[in-house]
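Have a look at the structure below, then the notes.
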Amino acid sequence: ALAEDPQNEAILYLGTDNGAYVSFNQGGSWEAFSKGLPNVAVHDIKIQAEAKDLLLGTHGRSIYKTNIEPLQSFNANTDNGLVLYDVGDIRKSRRWGSSWSSWLDAFEPSMTIKYYTETDGEATIKILSSNDKVLNTMIVDSSKGFNYATYDLTMSEAGVKAMRKADKSFDISKATNGKYYLPTGIYTVEISSDDL
């Protein structure tokens, strides 16, 4: 199965008897979809252009779905090292960390942080406030290529202390599930790696 990306004509997606591949140069070279997709036959490829999702119909392993927005904006000639993609906006909700019933788990929000790295290894993701205070830090294992890290929109105890020290009027309390969630505001996501 073969499909051309609807947004970037240089990108091709290929399904074979041994997995799926992507090309960023109209088929000149190919890279395997390896994370989360086993080596199975891929018989069909569909692209949901509006959602920017790639759907692969596999033999015996159901349907594989992945977001291809970072792939569409990737430039193989200029992007290298470590590239962080736009994380978008999140709407704050009073429901974060709470439940309307003691019998149900608390609602825990999350967002996906998309990035590209040229090497395998660990990456450090920091969430910074508008006054550059580190609110949370995550260490994630990365594979060469496109990676997706999940962030739960929480602040660490150290992040809360840093904000209270910087701004005496900063007022925040734990949600029902015992976690601090980001208040409404503007934040920066920063990524780094010692392996680059």
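Each chain in the structure tokens gets a letter, A, B and so on, in the order shown; residues start at 1 in every chain, and ligands are counted from 1 in the order they appear.
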*Per DSSP on the backbone, filter range 121-161 of chain A down to the residues in helix (DSSP H, G or I) and report them as a PyMOL selection string.*
chain A and resi 157-161
*Tell me, as a PyMOL selection string, which residues lie within 12 Å of range 147-150 of chain A, counting only C-alpha atoms; anything in the same chain fewer than 2 positions away does not count.*
chain A and resi 33-36+66-71+82-85+87+108-126+138-145+152-154+189+191
*Please indicate the distance in Å from CA of Trp96 in chain A to CA of Tyr181 in chain A, rounded to one decimal place.*
7.3 Å
_Counting only C-alpha atoms, the residue of A:Gln72, A:Lys174, A:Asp86, A:Ala166 that sits nearest Asp132 in chain A_ =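 Once distances to Asp132 in chain A are computed over only C-alpha atoms, the minimum belongs to A:Ala166.
Counting from CA of Asn25 in chain A, the distance to CA of Tyr13 in chain A is 11.1 Å.
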*Surrounding residues of Ala106 in chain A excluding itself and chain neighbours under 6 positions, 6 Å, only C-alpha atoms, as a VMD selection string*: chain A and resid 97 to 99
*d(CA of Val134 in chain A, CA of Gly159 in chain A) in Å*: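 It comes out at 5.7 Å.
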*Check the smallest atom-to-atom distance from each of A:Asp17, A:Thr176, A:Asp53, A:Asp194 to Ser102 in chain A using only C-alpha atoms, then report the winner.*
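Of the candidates, the smallest distance to Ser102 in chain A is held by A:Thr176.
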*Taking into account only C-alpha atoms, which residue in the set A:Ile45, A:Leu56, A:Leu104, A:Met163 is nearest to Ser130 in chain A?*
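Smallest separation from Ser130 in chain A among the options: A:Met163.
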*What's the 9 Å shell around Glu157 in chain A, counting only C-alpha atoms, without same-chain residues fewer than 2 positions away, as a list in words?*
Leu135, Asn136, Met155, Gly159, Val160, Lys161, Ala162 and Tyr180 of chain A
Can those selected residues be exported to a file as a compact mmCIF listing (two decimals), in the first residue's frame so that it contains C-alpha atoms?
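So the final result, stored in selection-v5.txt, reads:
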# COMPACT_ATOMS: atom_id res chain seq x y z
CA LEU A 135 7.44 24.01 37.21
CA ASN A 136 8.01 20.37 36.27
CA MET A 155 3.45 21.09 38.83
CA GLY A 159 7.86 24.08 41.05
CA VAL A 160 5.17 25.26 43.46
CA LYS A 161 7.84 26.38 45.97
CA ALA A 162 9.73 28.27 43.24
CA TYR A 180 -0.98 20.54 41.70
*Apply DSSP to the structure's backbone, then extract all residues of range 61-138 of chain A labelled strand (DSSP E or B) and return them as a list of chain:residue names.*
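DSSP-assigned strand (DSSP E or B) residues in range 61-138 of chain A: A:Ile63, A:Tyr64, A:Lys65, A:Thr66, A:Asn67, A:Leu82, A:Val83, A:Leu84, A:Met111, A:Thr112, A:Ile113, A:Lys114, A:Tyr115, A:Tyr116, A:Thr117, A:Gly121, A:Glu122, A:Ala123, A:Thr124, A:Ile125, A:Lys126, A:Ile127, A:Leu128, A:Val134, A:Leu135, A:Asn136, A:Thr137, A:Met138.
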*With only C-alpha atoms as the atoms that count, which of A:Asn18, A:Gln7, A:Gln26, A:Ser73 lies nearest to His59 in chain A?*
A:Asn18
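Nearest residue to Arg94 in chain A, choosing from A:Ser129, A:Ser193, A:Ser23, A:Thr184 and counting only C-alpha atoms: A:Thr184.
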